[in-house]
file entry06.txt (compact mmCIF, C-alpha atoms and all ligand atoms)
# COMPACT_ATOMS: atom_id res chain seq x y z
CA MET A 634 0.00 0.00 0.00
CA LYS A 635 2.80 2.40 0.99
CA LYS A 636 4.54 1.62 -2.29
CA LEU A 637 1.37 2.37 -4.22
CA ILE A 638 0.92 5.73 -2.48
CA ALA A 639 4.58 6.58 -3.16
CA LEU A 640 4.10 5.65 -6.81
CA ILE A 641 0.96 7.79 -7.13
CA LEU A 642 2.69 10.74 -5.43
CA THR A 643 5.74 10.45 -7.68
CA THR A 644 3.54 10.28 -10.77
CA LEU A 645 1.61 13.37 -9.66
CA LEU A 646 4.85 15.21 -8.96
CA VAL A 647 6.28 14.34 -12.38
CA LEU A 648 3.04 15.33 -14.11
CA SER A 649 2.78 18.65 -12.32
CA CYS A 650 6.43 19.42 -13.08
CA LEU A 651 5.90 18.54 -16.74
CA THR A 652 2.98 20.97 -16.94
CA ALA A 653 4.77 23.69 -14.99
CA CYS A 654 8.07 23.24 -16.81
CA SER A 655 6.53 23.28 -20.26
CA SER A 656 3.99 26.03 -19.71
CA GLY A 657 6.25 29.00 -20.41
CA LYS A 658 5.92 32.58 -19.18
CA THR A 659 2.68 34.52 -19.02
CA LEU A 660 1.83 38.20 -18.91
CA ALA A 661 0.36 37.58 -15.44
CA ASP A 662 3.79 36.28 -14.23
CA ILE A 663 5.41 39.53 -15.35
CA GLU A 664 2.70 41.73 -13.88
CA LYS A 665 2.90 39.89 -10.60
CA ALA A 666 6.67 40.38 -10.47
CA GLY A 667 6.27 44.00 -11.61
CA LYS A 668 9.22 43.55 -13.98
CA LEU A 669 10.38 41.97 -17.22
CA THR A 670 13.70 40.22 -16.56
CA VAL A 671 15.87 40.50 -19.64
CA ALA A 672 19.02 38.46 -20.36
CA THR A 673 21.59 40.34 -22.44
CA SER A 674 25.23 40.33 -23.49
CA PRO A 675 26.13 44.02 -23.66
CA ASP A 676 29.15 43.62 -25.95
CA PHE A 677 27.12 44.31 -29.07
CA PRO A 678 26.86 47.98 -30.03
CA PRO A 679 24.62 49.61 -31.16
CA PHE A 680 22.10 47.01 -29.85
CA GLU A 681 23.38 46.72 -26.27
CA TYR A 682 26.61 48.03 -24.78
CA LEU A 683 27.90 49.77 -21.69
CA ASP A 684 28.01 53.57 -21.65
CA GLU A 685 30.63 55.62 -19.77
CA ASN A 686 28.72 55.03 -16.52
CA SER A 687 28.60 51.26 -17.14
CA ALA A 688 24.85 51.40 -17.76
CA VAL A 689 23.50 49.04 -20.43
CA VAL A 690 22.23 51.14 -23.34
CA GLY A 691 21.42 50.63 -27.03
CA ILE A 692 18.74 50.08 -29.65
CA GLU A 693 17.24 47.00 -27.97
CA ILE A 694 17.23 48.67 -24.56
CA ASP A 695 15.31 51.63 -26.05
CA ILE A 696 12.81 49.27 -27.70
CA LEU A 697 12.33 47.24 -24.50
CA THR A 698 11.95 50.39 -22.43
CA LEU A 699 8.96 51.29 -24.61
CA VAL A 700 7.63 47.72 -24.41
CA CYS A 701 7.83 47.80 -20.60
CA GLU A 702 6.12 51.20 -20.49
CA GLU A 703 3.22 49.72 -22.47
CA LEU A 704 3.06 46.65 -20.23
CA GLY A 705 3.33 48.79 -17.11
CA VAL A 706 6.32 46.91 -15.66
CA GLU A 707 9.96 47.69 -14.85
CA LEU A 708 12.78 46.65 -17.20
CA ASP A 709 15.20 44.45 -15.25
CA ILE A 710 18.45 43.90 -17.18
CA GLN A 711 20.69 40.94 -16.37
CA GLN A 712 24.14 40.85 -17.99
CA MET A 713 25.92 37.68 -19.15
CA ASP A 714 28.01 36.21 -21.98
CA PHE A 715 26.12 35.68 -25.22
CA ASP A 716 26.29 31.89 -24.98
CA SER A 717 24.34 32.02 -21.68
CA VAL A 718 21.47 34.15 -23.01
CA LEU A 719 19.46 31.55 -24.92
CA PRO A 720 19.96 28.70 -22.38
CA GLY A 721 18.88 31.11 -19.59
CA VAL A 722 15.74 32.01 -21.47
CA GLN A 723 14.96 28.44 -22.56
CA THR A 724 15.05 27.18 -18.97
CA GLY A 725 12.86 30.05 -17.75
CA LYS A 726 15.53 31.76 -15.63
CA TYR A 727 14.90 35.00 -17.56
CA ASP A 728 11.68 36.24 -19.18
CA LEU A 729 13.18 37.52 -22.42
CA GLY A 730 16.48 37.38 -24.31
CA ALA A 731 17.75 40.54 -26.04
CA SER A 732 21.16 40.29 -27.68
CA GLY A 733 20.82 41.03 -31.38
CA ILE A 734 19.59 37.44 -31.55
CA SER A 735 19.12 36.09 -35.07
CA VAL A 736 16.14 33.85 -35.66
CA THR A 737 17.28 30.50 -37.09
CA PRO A 738 15.34 27.26 -37.67
CA ASP A 739 17.60 25.47 -35.13
CA ARG A 740 16.91 28.04 -32.42
CA GLU A 741 13.20 28.01 -33.17
CA GLU A 742 13.11 24.38 -32.06
CA ASN A 743 13.87 25.40 -28.46
CA THR A 744 12.92 29.08 -28.39
CA LEU A 745 9.87 31.21 -29.07
CA PHE A 746 10.66 34.43 -30.95
CA THR A 747 8.81 37.73 -31.30
CA VAL A 748 8.20 39.16 -34.74
CA PRO A 749 11.54 40.25 -36.25
CA TYR A 750 12.24 43.98 -35.96
CA CYS A 751 15.19 44.33 -38.40
CA MET A 752 17.51 42.48 -40.75
CA ALA A 753 21.27 42.05 -40.34
CA ALA A 754 24.10 40.19 -42.09
CA GLN A 755 27.45 38.64 -41.24
CA ALA A 756 30.40 40.82 -42.25
CA ILE A 757 34.16 40.23 -42.49
CA VAL A 758 36.59 42.45 -40.55
CA VAL A 759 40.31 42.42 -41.40
CA LEU A 760 43.44 44.46 -40.71
CA LYS A 761 43.86 47.39 -43.10
CA ASP A 762 46.43 45.89 -45.46
CA SER A 763 45.08 42.35 -45.40
CA ALA A 764 45.18 40.22 -48.56
CA ILE A 765 41.62 39.13 -47.70
CA THR A 766 39.20 41.31 -49.66
CA CYS A 767 36.13 39.09 -50.00
CA LYS A 768 34.46 35.92 -48.71
CA ALA A 769 36.26 33.67 -51.23
CA ASP A 770 39.60 34.74 -49.69
CA LEU A 771 38.59 33.21 -46.32
CA ASP A 772 39.19 29.64 -47.54
CA GLY A 773 41.96 28.05 -45.51
CA LYS A 774 42.17 31.07 -43.19
CA ILE A 775 41.77 31.30 -39.39
CA VAL A 776 38.62 33.22 -38.49
CA ALA A 777 37.62 34.66 -35.07
CA VAL A 778 33.95 34.54 -34.03
CA GLN A 779 31.92 34.89 -30.83
CA THR A 780 30.94 31.58 -29.19
CA GLY A 781 27.37 30.43 -29.82
CA THR A 782 26.63 32.98 -32.55
CA THR A 783 25.38 32.60 -36.09
CA ALA A 784 28.84 33.82 -37.15
CA GLU A 785 30.28 30.68 -35.56
CA GLU A 786 27.65 28.50 -37.23
CA PHE A 787 28.22 30.13 -40.61
CA CYS A 788 32.02 29.90 -40.47
CA MET A 789 32.02 26.28 -39.27
CA GLY A 790 29.57 25.43 -42.05
CA ALA A 791 31.82 27.10 -44.61
CA GLY A 792 34.74 24.95 -43.38
CA TYR A 793 36.97 27.81 -42.15
CA ASP A 794 39.44 27.28 -39.35
CA VAL A 795 37.36 28.83 -36.52
CA ASN A 796 38.62 30.32 -33.23
CA ALA A 797 35.65 31.09 -30.94
CA TYR A 798 35.76 33.68 -28.11
CA THR A 799 33.12 34.24 -25.41
CA ALA A 800 33.42 38.05 -25.69
CA ASN A 801 33.31 40.02 -28.93
CA THR A 802 36.14 42.22 -27.67
CA ASP A 803 38.38 39.12 -27.41
CA ALA A 804 37.57 38.16 -31.01
CA GLN A 805 38.52 41.69 -32.04
CA GLN A 806 41.72 41.48 -29.99
CA ALA A 807 42.65 38.17 -31.67
CA LEU A 808 42.52 39.92 -35.05
CA LEU A 809 44.52 42.89 -33.80
CA SER A 810 47.25 40.68 -32.36
CA GLY A 811 47.50 38.62 -35.56
CA LYS A 812 46.26 35.38 -33.94
CA VAL A 813 43.58 35.11 -36.63
CA ASP A 814 43.34 36.33 -40.24
CA ALA A 815 39.78 37.69 -40.07
CA TRP A 816 36.89 38.32 -37.69
CA VAL A 817 33.31 37.51 -38.68
CA ILE A 818 30.56 39.40 -36.86
CA ASP A 819 27.17 41.00 -37.54
CA ASP A 820 27.44 44.04 -39.83
CA LEU A 821 26.14 46.90 -37.66
CA THR A 822 28.19 45.78 -34.67
CA ALA A 823 31.25 45.39 -36.91
CA ALA A 824 30.75 48.94 -38.17
CA ASP A 825 30.39 50.38 -34.65
CA MET A 826 33.27 48.50 -33.03
CA VAL A 827 35.61 49.26 -35.94
CA LYS A 828 34.61 52.93 -35.98
CA LEU A 829 35.32 53.24 -32.27
CA TYR A 830 38.63 51.37 -32.46
CA ASN A 831 39.87 53.34 -35.49
CA ALA A 832 38.83 56.65 -33.91
CA GLU A 833 41.12 55.90 -30.97
CA ASN A 834 43.94 54.12 -32.78
CA GLY A 835 44.00 55.37 -36.39
CA GLU A 836 42.82 53.45 -39.48
CA THR A 837 43.62 49.89 -38.35
CA LEU A 838 40.57 47.76 -39.07
CA VAL A 839 38.40 47.48 -42.20
CA VAL A 840 34.90 46.05 -42.59
CA LEU A 841 34.58 44.39 -46.02
CA SER A 842 31.43 45.29 -47.91
CA GLU A 843 30.34 41.75 -48.83
CA ALA A 844 27.27 40.69 -46.81
CA MET A 845 27.45 36.95 -46.22
CA THR A 846 24.03 36.15 -44.76
CA SER A 847 20.62 37.73 -44.19
CA GLU A 848 19.34 37.33 -40.62
CA PRO A 849 16.23 38.68 -38.88
CA TYR A 850 16.72 39.89 -35.28
CA ALA A 851 14.01 39.23 -32.69
CA PHE A 852 13.58 38.86 -28.93
CA ALA A 853 13.54 35.36 -27.45
CA PHE A 854 11.31 33.60 -24.92
CA MET A 855 11.04 30.22 -23.30
CA LYS A 856 8.91 27.86 -25.46
CA GLY A 857 5.23 28.00 -24.59
CA SER A 858 5.32 31.71 -23.64
CA GLU A 859 2.74 32.80 -26.26
CA ASP A 860 0.71 34.53 -23.57
CA LEU A 861 3.63 36.90 -22.91
CA ALA A 862 4.93 37.06 -26.49
CA GLU A 863 1.57 38.14 -27.92
CA PRO A 864 1.20 41.49 -26.11
CA ILE A 865 4.90 42.20 -26.75
CA ASN A 866 4.40 41.44 -30.45
CA GLU A 867 1.52 43.89 -30.51
CA VAL A 868 3.73 46.65 -29.11
CA LEU A 869 6.55 45.78 -31.54
CA LYS A 870 4.19 45.84 -34.54
CA LYS A 871 2.97 49.27 -33.48
CA LEU A 872 6.56 50.56 -33.08
CA LEU A 873 7.45 49.11 -36.50
CA ASP A 874 4.39 50.58 -38.21
CA ASP A 875 4.62 54.08 -36.77
CA GLY A 876 8.35 54.41 -37.57
CA THR A 877 9.55 54.42 -33.94
CA ILE A 878 11.97 51.53 -34.50
CA ALA A 879 13.47 53.23 -37.56
CA ASP A 880 13.84 56.43 -35.47
CA ILE A 881 15.65 54.51 -32.72
CA PHE A 882 18.16 53.18 -35.29
CA ALA A 883 18.62 56.75 -36.56
CA LYS A 884 19.31 57.92 -32.98
CA TYR A 885 22.24 55.45 -32.90
CA GLU A 886 23.30 56.44 -36.46
CA ALA A 887 22.70 52.85 -37.57
CA PRO A 888 21.32 52.08 -41.05
CA TYR A 889 17.95 50.40 -40.69
CA THR A 890 16.71 47.46 -42.78
CA ALA A 891 13.07 46.61 -42.08
CA PRO A 892 12.36 42.91 -41.50
CA ASN A 893 10.12 42.41 -44.54
CA ALA A 894 12.69 44.09 -46.79
CA GLY A 895 14.62 40.78 -46.68
N1 LIG B 901 23.15 37.81 -34.35
C1 LIG B 901 24.12 36.86 -33.90
C2 LIG B 901 23.43 35.66 -33.30
O1 LIG B 901 22.27 35.67 -33.06
C3 LIG B 901 25.11 37.44 -32.90
C4 LIG B 901 24.52 38.00 -31.66
C5 LIG B 901 25.59 38.37 -30.65
N2 LIG B 901 25.04 39.16 -29.59
C6 LIG B 901 25.72 39.71 -28.57
N3 LIG B 901 25.05 40.46 -27.74
N4 LIG B 901 26.99 39.53 -28.44
O2 LIG B 901 24.05 34.66 -33.07
call {"tool": "encode", "arguments": {"input": "entry06.txt", "output": "structure tokens", "more": "lines below"}}
Ligand code: ARG
result
Amino acid sequence: MKKLIALILTTLLVLSCLTACSSGKTLADIEKAGKLTVATSPDFPPFEYLDENSAVVGIEIDILTLVCEELGVELDIQQMDFDSVLPGVQTGKYDLGASGISVTPDREENTLFTVPYCMAAQAIVVLKDSAITCKADLDGKIVAVQTGTTAEEFCMGAGYDVNAYTANTDAQQALLSGKVDAWVIDDLTAADMVKLYNAENGETLVVLSEAMTSEPYAFAFMKGSEDLAEPINEVLKKLLDDGTIADIFAKYEAPYTAPNAG
């Protein structure tokens, strides 16, 4: 009898965990907490980076500030390496992931995404006098990427010799110190980081003009969080339609490509 009760209790426990674990986040969860907890890797200007006071700022922070205003909750930003953002969201530790995250079919298997709000592409960064001038020149070369990114996936797929770094700044440093021949990173971030570096150190780095991919950026949730994603999608659609998102890009002097423009 005792064994039977234990068995029933265990089954109930497993069932309730399965429901709870697979149910995702709801708007009510966020309202109850009074905040939207956002996982981000702020090494990705102009989307999220640290300003001179070490505050996290950027395009995605501006967008999420407006989203939180609409939802009537606080924006709670949690900083981490990029390769911890999606796992943290997928396990429900954080409500939303914001890190210039590209929507890919692989990620969609374990993640729920909002509507995309812009398009981006992978770009090649090299030292000024490099012999590498286009994608074809990368064959047989050592390429730096950030761990867990679509740049890593793309470069591995292309068969390059890949060196992965947890922080974007380390990938940049590997190129500067000659450890690698090129650095592959999303175009707008490449442009910003190179502009900043060259402004302080003279013309050292060059972003090649060839776009290697076309990737929509969106915000990420734990699977099953439709109840939370829906109201956020509504706000995003409004901000896309009324030009607010394009204005935010302009504020950061970043060229804007709308998601449906491919
Ligand atoms: N868009 C790329 C991806 O989704 C890179 C994102 C890197 N983000 C960051 N905050 N470092 O994989």
call {"tool": "residues_around", "arguments": {"input": "entry06.txt", "residues": "Ser842 in chain A", "least_positions_apart": "5", "cutoff": "10 Å", "atoms": "only C-alpha atoms", "output": "list in words"}}
result
Ala756, Ile757, Val758, Thr766, Cys767, Lys768 and Asp820 of chain A
call {"tool": "residues_near_ligand", "arguments": {"input": "entry06.txt", "ligand": "ligand LIG 901 (chain B)", "cutoff": "8 Å", "atoms": "all atoms listed in the file", "output": "list in words"}}
result
Thr673, Ser674, Pro675, Asp676, Phe677, Phe680, Glu681, Asp714, Phe715, Ala731, Ser732, Gly733, Ile734, Ser735, Val736, Ala753, Gln779, Gly781, Thr782, Thr783, Ala784, Glu785, Ala800, Asn801, Ile818, Asp819, Glu848 and Tyr850 of chain A
call {"tool": "residues_near_point", "arguments": {"input": "entry06.txt", "point": "(33.5, 31.7, -36.4)", "cutoff": "6 Å", "atoms": "all atoms listed in the file", "output": "list in words"}}
result
Val776, Ala777, Val778, Ala784, Glu785, Cys788, Val795 and Ala797 of chain A
call {"tool": "residues_around", "arguments": {"input": "entry06.txt", "residues": "Tyr727 in chain A", "least_positions_apart": "2", "cutoff": "9 Å", "atoms": "only C-alpha atoms", "output": "PyMOL selection string"}}
result
chain A and resi 669-672+711+718+721-725+729-730+854-855
call {"tool": "atom_distance", "arguments": {"input": "entry06.txt", "atom1": "CA of Leu660 in chain A", "atom2": "CA of Asp739 in chain A"}}
result
26.0 Å
call {"tool": "closest_residue", "arguments": {"input": "entry06.txt", "among": "A:Leu838, A:Leu745, A:Ala815, A:Ile865", "to": "Lys761 in chain A", "atoms": "all atoms listed in the file"}}
result
A:Leu838
call {"tool": "residues_around", "arguments": {"input": "entry06.txt", "residues": "Leu869 in chain A", "least_positions_apart": "3", "cutoff": "12 Å", "atoms": "all atoms listed in the file", "output": "PDB file with C-alpha atoms, in the frame of the given file"}}
result
ATOM      1  CA  GLU A 693      17.240  47.000 -27.970  1.00  0.00           C
ATOM      2  CA  ASP A 695      15.310  51.630 -26.050  1.00  0.00           C
ATOM      3  CA  ILE A 696      12.810  49.270 -27.700  1.00  0.00           C
ATOM      4  CA  LEU A 697      12.330  47.240 -24.500  1.00  0.00           C
ATOM      5  CA  THR A 698      11.950  50.390 -22.430  1.00  0.00           C
ATOM      6  CA  LEU A 699       8.960  51.290 -24.610  1.00  0.00           C
ATOM      7  CA  VAL A 700       7.630  47.720 -24.410  1.00  0.00           C
ATOM      8  CA  CYS A 701       7.830  47.800 -20.600  1.00  0.00           C
ATOM      9  CA  GLU A 703       3.220  49.720 -22.470  1.00  0.00           C
ATOM     10  CA  LEU A 704       3.060  46.650 -20.230  1.00  0.00           C
ATOM     11  CA  THR A 747       8.810  37.730 -31.300  1.00  0.00           C
ATOM     12  CA  VAL A 748       8.200  39.160 -34.740  1.00  0.00           C
ATOM     13  CA  PRO A 749      11.540  40.250 -36.250  1.00  0.00           C
ATOM     14  CA  TYR A 750      12.240  43.980 -35.960  1.00  0.00           C
ATOM     15  CA  CYS A 751      15.190  44.330 -38.400  1.00  0.00           C
ATOM     16  CA  ALA A 851      14.010  39.230 -32.690  1.00  0.00           C
ATOM     17  CA  PHE A 852      13.580  38.860 -28.930  1.00  0.00           C
ATOM     18  CA  ALA A 862       4.930  37.060 -26.490  1.00  0.00           C
ATOM     19  CA  GLU A 863       1.570  38.140 -27.920  1.00  0.00           C
ATOM     20  CA  PRO A 864       1.200  41.490 -26.110  1.00  0.00           C
ATOM     21  CA  ILE A 865       4.900  42.200 -26.750  1.00  0.00           C
ATOM     22  CA  ASN A 866       4.400  41.440 -30.450  1.00  0.00           C
ATOM     23  CA  LEU A 872       6.560  50.560 -33.080  1.00  0.00           C
ATOM     24  CA  LEU A 873       7.450  49.110 -36.500  1.00  0.00           C
ATOM     25  CA  ASP A 874       4.390  50.580 -38.210  1.00  0.00           C
ATOM     26  CA  ASP A 875       4.620  54.080 -36.770  1.00  0.00           C
ATOM     27  CA  GLY A 876       8.350  54.410 -37.570  1.00  0.00           C
ATOM     28  CA  THR A 877       9.550  54.420 -33.940  1.00  0.00           C
ATOM     29  CA  ILE A 878      11.970  51.530 -34.500  1.00  0.00           C
ATOM     30  CA  ALA A 879      13.470  53.230 -37.560  1.00  0.00           C
ATOM     31  CA  PRO A 892      12.360  42.910 -41.500  1.00  0.00           C
TER      32      PRO A 892
END
call {"tool": "closest_residue", "arguments": {"input": "entry06.txt", "among": "A:Asp825, A:Asp770, A:Asp709, A:Asp662", "to": "Pro679 in chain A", "atoms": "all atoms listed in the file"}}
result
A:Asp825
call {"tool": "atom_distance", "arguments": {"input": "entry06.txt", "atom1": "CA of Pro720 in chain A", "atom2": "CA of Val868 in chain A"}}
result
25.1 Å
call {"tool": "closest_residue", "arguments": {"input": "entry06.txt", "among": "A:Leu861, A:Leu708, A:Leu841, A:Leu809", "to": "Leu771 in chain A", "atoms": "all atoms listed in the file"}}
result
A:Leu841
call {"tool": "closest_residue", "arguments": {"input": "entry06.txt", "among": "A:Leu760, A:Ala844, A:Thr837, A:Met826", "to": "Lys812 in chain A", "atoms": "all atoms listed in the file"}}
result
A:Leu760
call {"tool": "build_atoms", "arguments": {"input": "entry06.txt", "residues": "range 725-752 of chain A", "atoms": "N, CA and C atoms", "output": "PDB file, in the frame of the given file"}}
result
ATOM      1  N   GLY A 725      13.799  29.229 -18.508  1.00  0.00           N
ATOM      2  CA  GLY A 725      12.860  30.050 -17.750  1.00  0.00           C
ATOM      3  C   GLY A 725      13.503  30.888 -16.662  1.00  0.00           C
ATOM      4  N   LYS A 726      14.860  30.939 -16.643  1.00  0.00           N
ATOM      5  CA  LYS A 726      15.530  31.760 -15.630  1.00  0.00           C
ATOM      6  C   LYS A 726      15.263  33.245 -15.900  1.00  0.00           C
ATOM      7  N   TYR A 727      15.186  33.622 -17.173  1.00  0.00           N
ATOM      8  CA  TYR A 727      14.900  35.000 -17.560  1.00  0.00           C
ATOM      9  C   TYR A 727      13.632  35.015 -18.413  1.00  0.00           C
ATOM     10  N   ASP A 728      12.931  36.171 -18.422  1.00  0.00           N
ATOM     11  CA  ASP A 728      11.680  36.240 -19.180  1.00  0.00           C
ATOM     12  C   ASP A 728      11.926  36.407 -20.676  1.00  0.00           C
ATOM     13  N   LEU A 729      12.968  37.164 -21.010  1.00  0.00           N
ATOM     14  CA  LEU A 729      13.180  37.520 -22.420  1.00  0.00           C
ATOM     15  C   LEU A 729      14.674  37.640 -22.697  1.00  0.00           C
ATOM     16  N   GLY A 730      15.083  37.244 -23.893  1.00  0.00           N
ATOM     17  CA  GLY A 730      16.480  37.380 -24.310  1.00  0.00           C
ATOM     18  C   GLY A 730      16.591  38.493 -25.342  1.00  0.00           C
ATOM     19  N   ALA A 731      17.528  39.430 -25.108  1.00  0.00           N
ATOM     20  CA  ALA A 731      17.750  40.540 -26.040  1.00  0.00           C
ATOM     21  C   ALA A 731      19.246  40.658 -26.265  1.00  0.00           C
ATOM     22  N   SER A 732      19.714  40.252 -27.428  1.00  0.00           N
ATOM     23  CA  SER A 732      21.160  40.290 -27.680  1.00  0.00           C
ATOM     24  C   SER A 732      21.457  40.326 -29.159  1.00  0.00           C
ATOM     25  N   GLY A 733      20.670  41.059 -29.918  1.00  0.00           N
ATOM     26  CA  GLY A 733      20.820  41.030 -31.380  1.00  0.00           C
ATOM     27  C   GLY A 733      20.697  39.595 -31.852  1.00  0.00           C
ATOM     28  N   ILE A 734      19.713  38.883 -31.291  1.00  0.00           N
ATOM     29  CA  ILE A 734      19.590  37.440 -31.550  1.00  0.00           C
ATOM     30  C   ILE A 734      18.956  37.200 -32.922  1.00  0.00           C
ATOM     31  N   SER A 735      19.646  36.442 -33.749  1.00  0.00           N
ATOM     32  CA  SER A 735      19.120  36.090 -35.070  1.00  0.00           C
ATOM     33  C   SER A 735      18.185  34.894 -34.935  1.00  0.00           C
ATOM     34  N   VAL A 736      17.084  34.971 -35.655  1.00  0.00           N
ATOM     35  CA  VAL A 736      16.140  33.850 -35.660  1.00  0.00           C
ATOM     36  C   VAL A 736      16.651  32.806 -36.655  1.00  0.00           C
ATOM     37  N   THR A 737      16.849  31.587 -36.186  1.00  0.00           N
ATOM     38  CA  THR A 737      17.280  30.500 -37.090  1.00  0.00           C
ATOM     39  C   THR A 737      16.346  29.303 -36.858  1.00  0.00           C
ATOM     40  N   PRO A 738      16.205  28.428 -37.843  1.00  0.00           N
ATOM     41  CA  PRO A 738      15.340  27.260 -37.670  1.00  0.00           C
ATOM     42  C   PRO A 738      15.788  26.407 -36.470  1.00  0.00           C
ATOM     43  N   ASP A 739      17.088  26.251 -36.273  1.00  0.00           N
ATOM     44  CA  ASP A 739      17.600  25.470 -35.130  1.00  0.00           C
ATOM     45  C   ASP A 739      17.142  26.066 -33.806  1.00  0.00           C
ATOM     46  N   ARG A 740      17.299  27.372 -33.663  1.00  0.00           N
ATOM     47  CA  ARG A 740      16.910  28.040 -32.420  1.00  0.00           C
ATOM     48  C   ARG A 740      15.403  27.983 -32.209  1.00  0.00           C
ATOM     49  N   GLU A 741      14.663  28.032 -33.304  1.00  0.00           N
ATOM     50  CA  GLU A 741      13.200  28.010 -33.170  1.00  0.00           C
ATOM     51  C   GLU A 741      12.701  26.693 -32.576  1.00  0.00           C
ATOM     52  N   GLU A 742      13.529  25.659 -32.651  1.00  0.00           N
ATOM     53  CA  GLU A 742      13.110  24.380 -32.060  1.00  0.00           C
ATOM     54  C   GLU A 742      13.018  24.466 -30.535  1.00  0.00           C
ATOM     55  N   ASN A 743      13.854  25.317 -29.923  1.00  0.00           N
ATOM     56  CA  ASN A 743      13.870  25.400 -28.460  1.00  0.00           C
ATOM     57  C   ASN A 743      13.511  26.771 -27.917  1.00  0.00           C
ATOM     58  N   THR A 744      13.144  27.686 -28.797  1.00  0.00           N
ATOM     59  CA  THR A 744      12.920  29.080 -28.390  1.00  0.00           C
ATOM     60  C   THR A 744      11.697  29.621 -29.101  1.00  0.00           C
ATOM     61  N   LEU A 745      10.963  30.494 -28.416  1.00  0.00           N
ATOM     62  CA  LEU A 745       9.870  31.210 -29.070  1.00  0.00           C
ATOM     63  C   LEU A 745      10.377  32.618 -29.366  1.00  0.00           C
ATOM     64  N   PHE A 746      10.189  33.098 -30.588  1.00  0.00           N
ATOM     65  CA  PHE A 746      10.660  34.430 -30.950  1.00  0.00           C
ATOM     66  C   PHE A 746       9.506  35.402 -31.160  1.00  0.00           C
ATOM     67  N   THR A 747       9.787  36.694 -30.922  1.00  0.00           N
ATOM     68  CA  THR A 747       8.810  37.730 -31.300  1.00  0.00           C
ATOM     69  C   THR A 747       8.866  37.887 -32.813  1.00  0.00           C
ATOM     70  N   VAL A 748       8.065  38.797 -33.334  1.00  0.00           N
ATOM     71  CA  VAL A 748       8.200  39.160 -34.740  1.00  0.00           C
ATOM     72  C   VAL A 748       9.593  39.778 -34.893  1.00  0.00           C
ATOM     73  N   PRO A 749      10.238  39.593 -36.051  1.00  0.00           N
ATOM     74  CA  PRO A 749      11.540  40.250 -36.250  1.00  0.00           C
ATOM     75  C   PRO A 749      11.348  41.763 -36.328  1.00  0.00           C
ATOM     76  N   TYR A 750      12.369  42.521 -35.889  1.00  0.00           N
ATOM     77  CA  TYR A 750      12.240  43.980 -35.960  1.00  0.00           C
ATOM     78  C   TYR A 750      13.261  44.611 -36.899  1.00  0.00           C
ATOM     79  N   CYS A 751      14.242  43.802 -37.401  1.00  0.00           N
ATOM     80  CA  CYS A 751      15.190  44.330 -38.400  1.00  0.00           C
ATOM     81  C   CYS A 751      15.916  43.174 -39.063  1.00  0.00           C
ATOM     82  N   MET A 752      16.678  43.486 -40.090  1.00  0.00           N
ATOM     83  CA  MET A 752      17.510  42.480 -40.750  1.00  0.00           C
ATOM     84  C   MET A 752      18.971  42.855 -40.538  1.00  0.00           C
TER      85      MET A 752
END
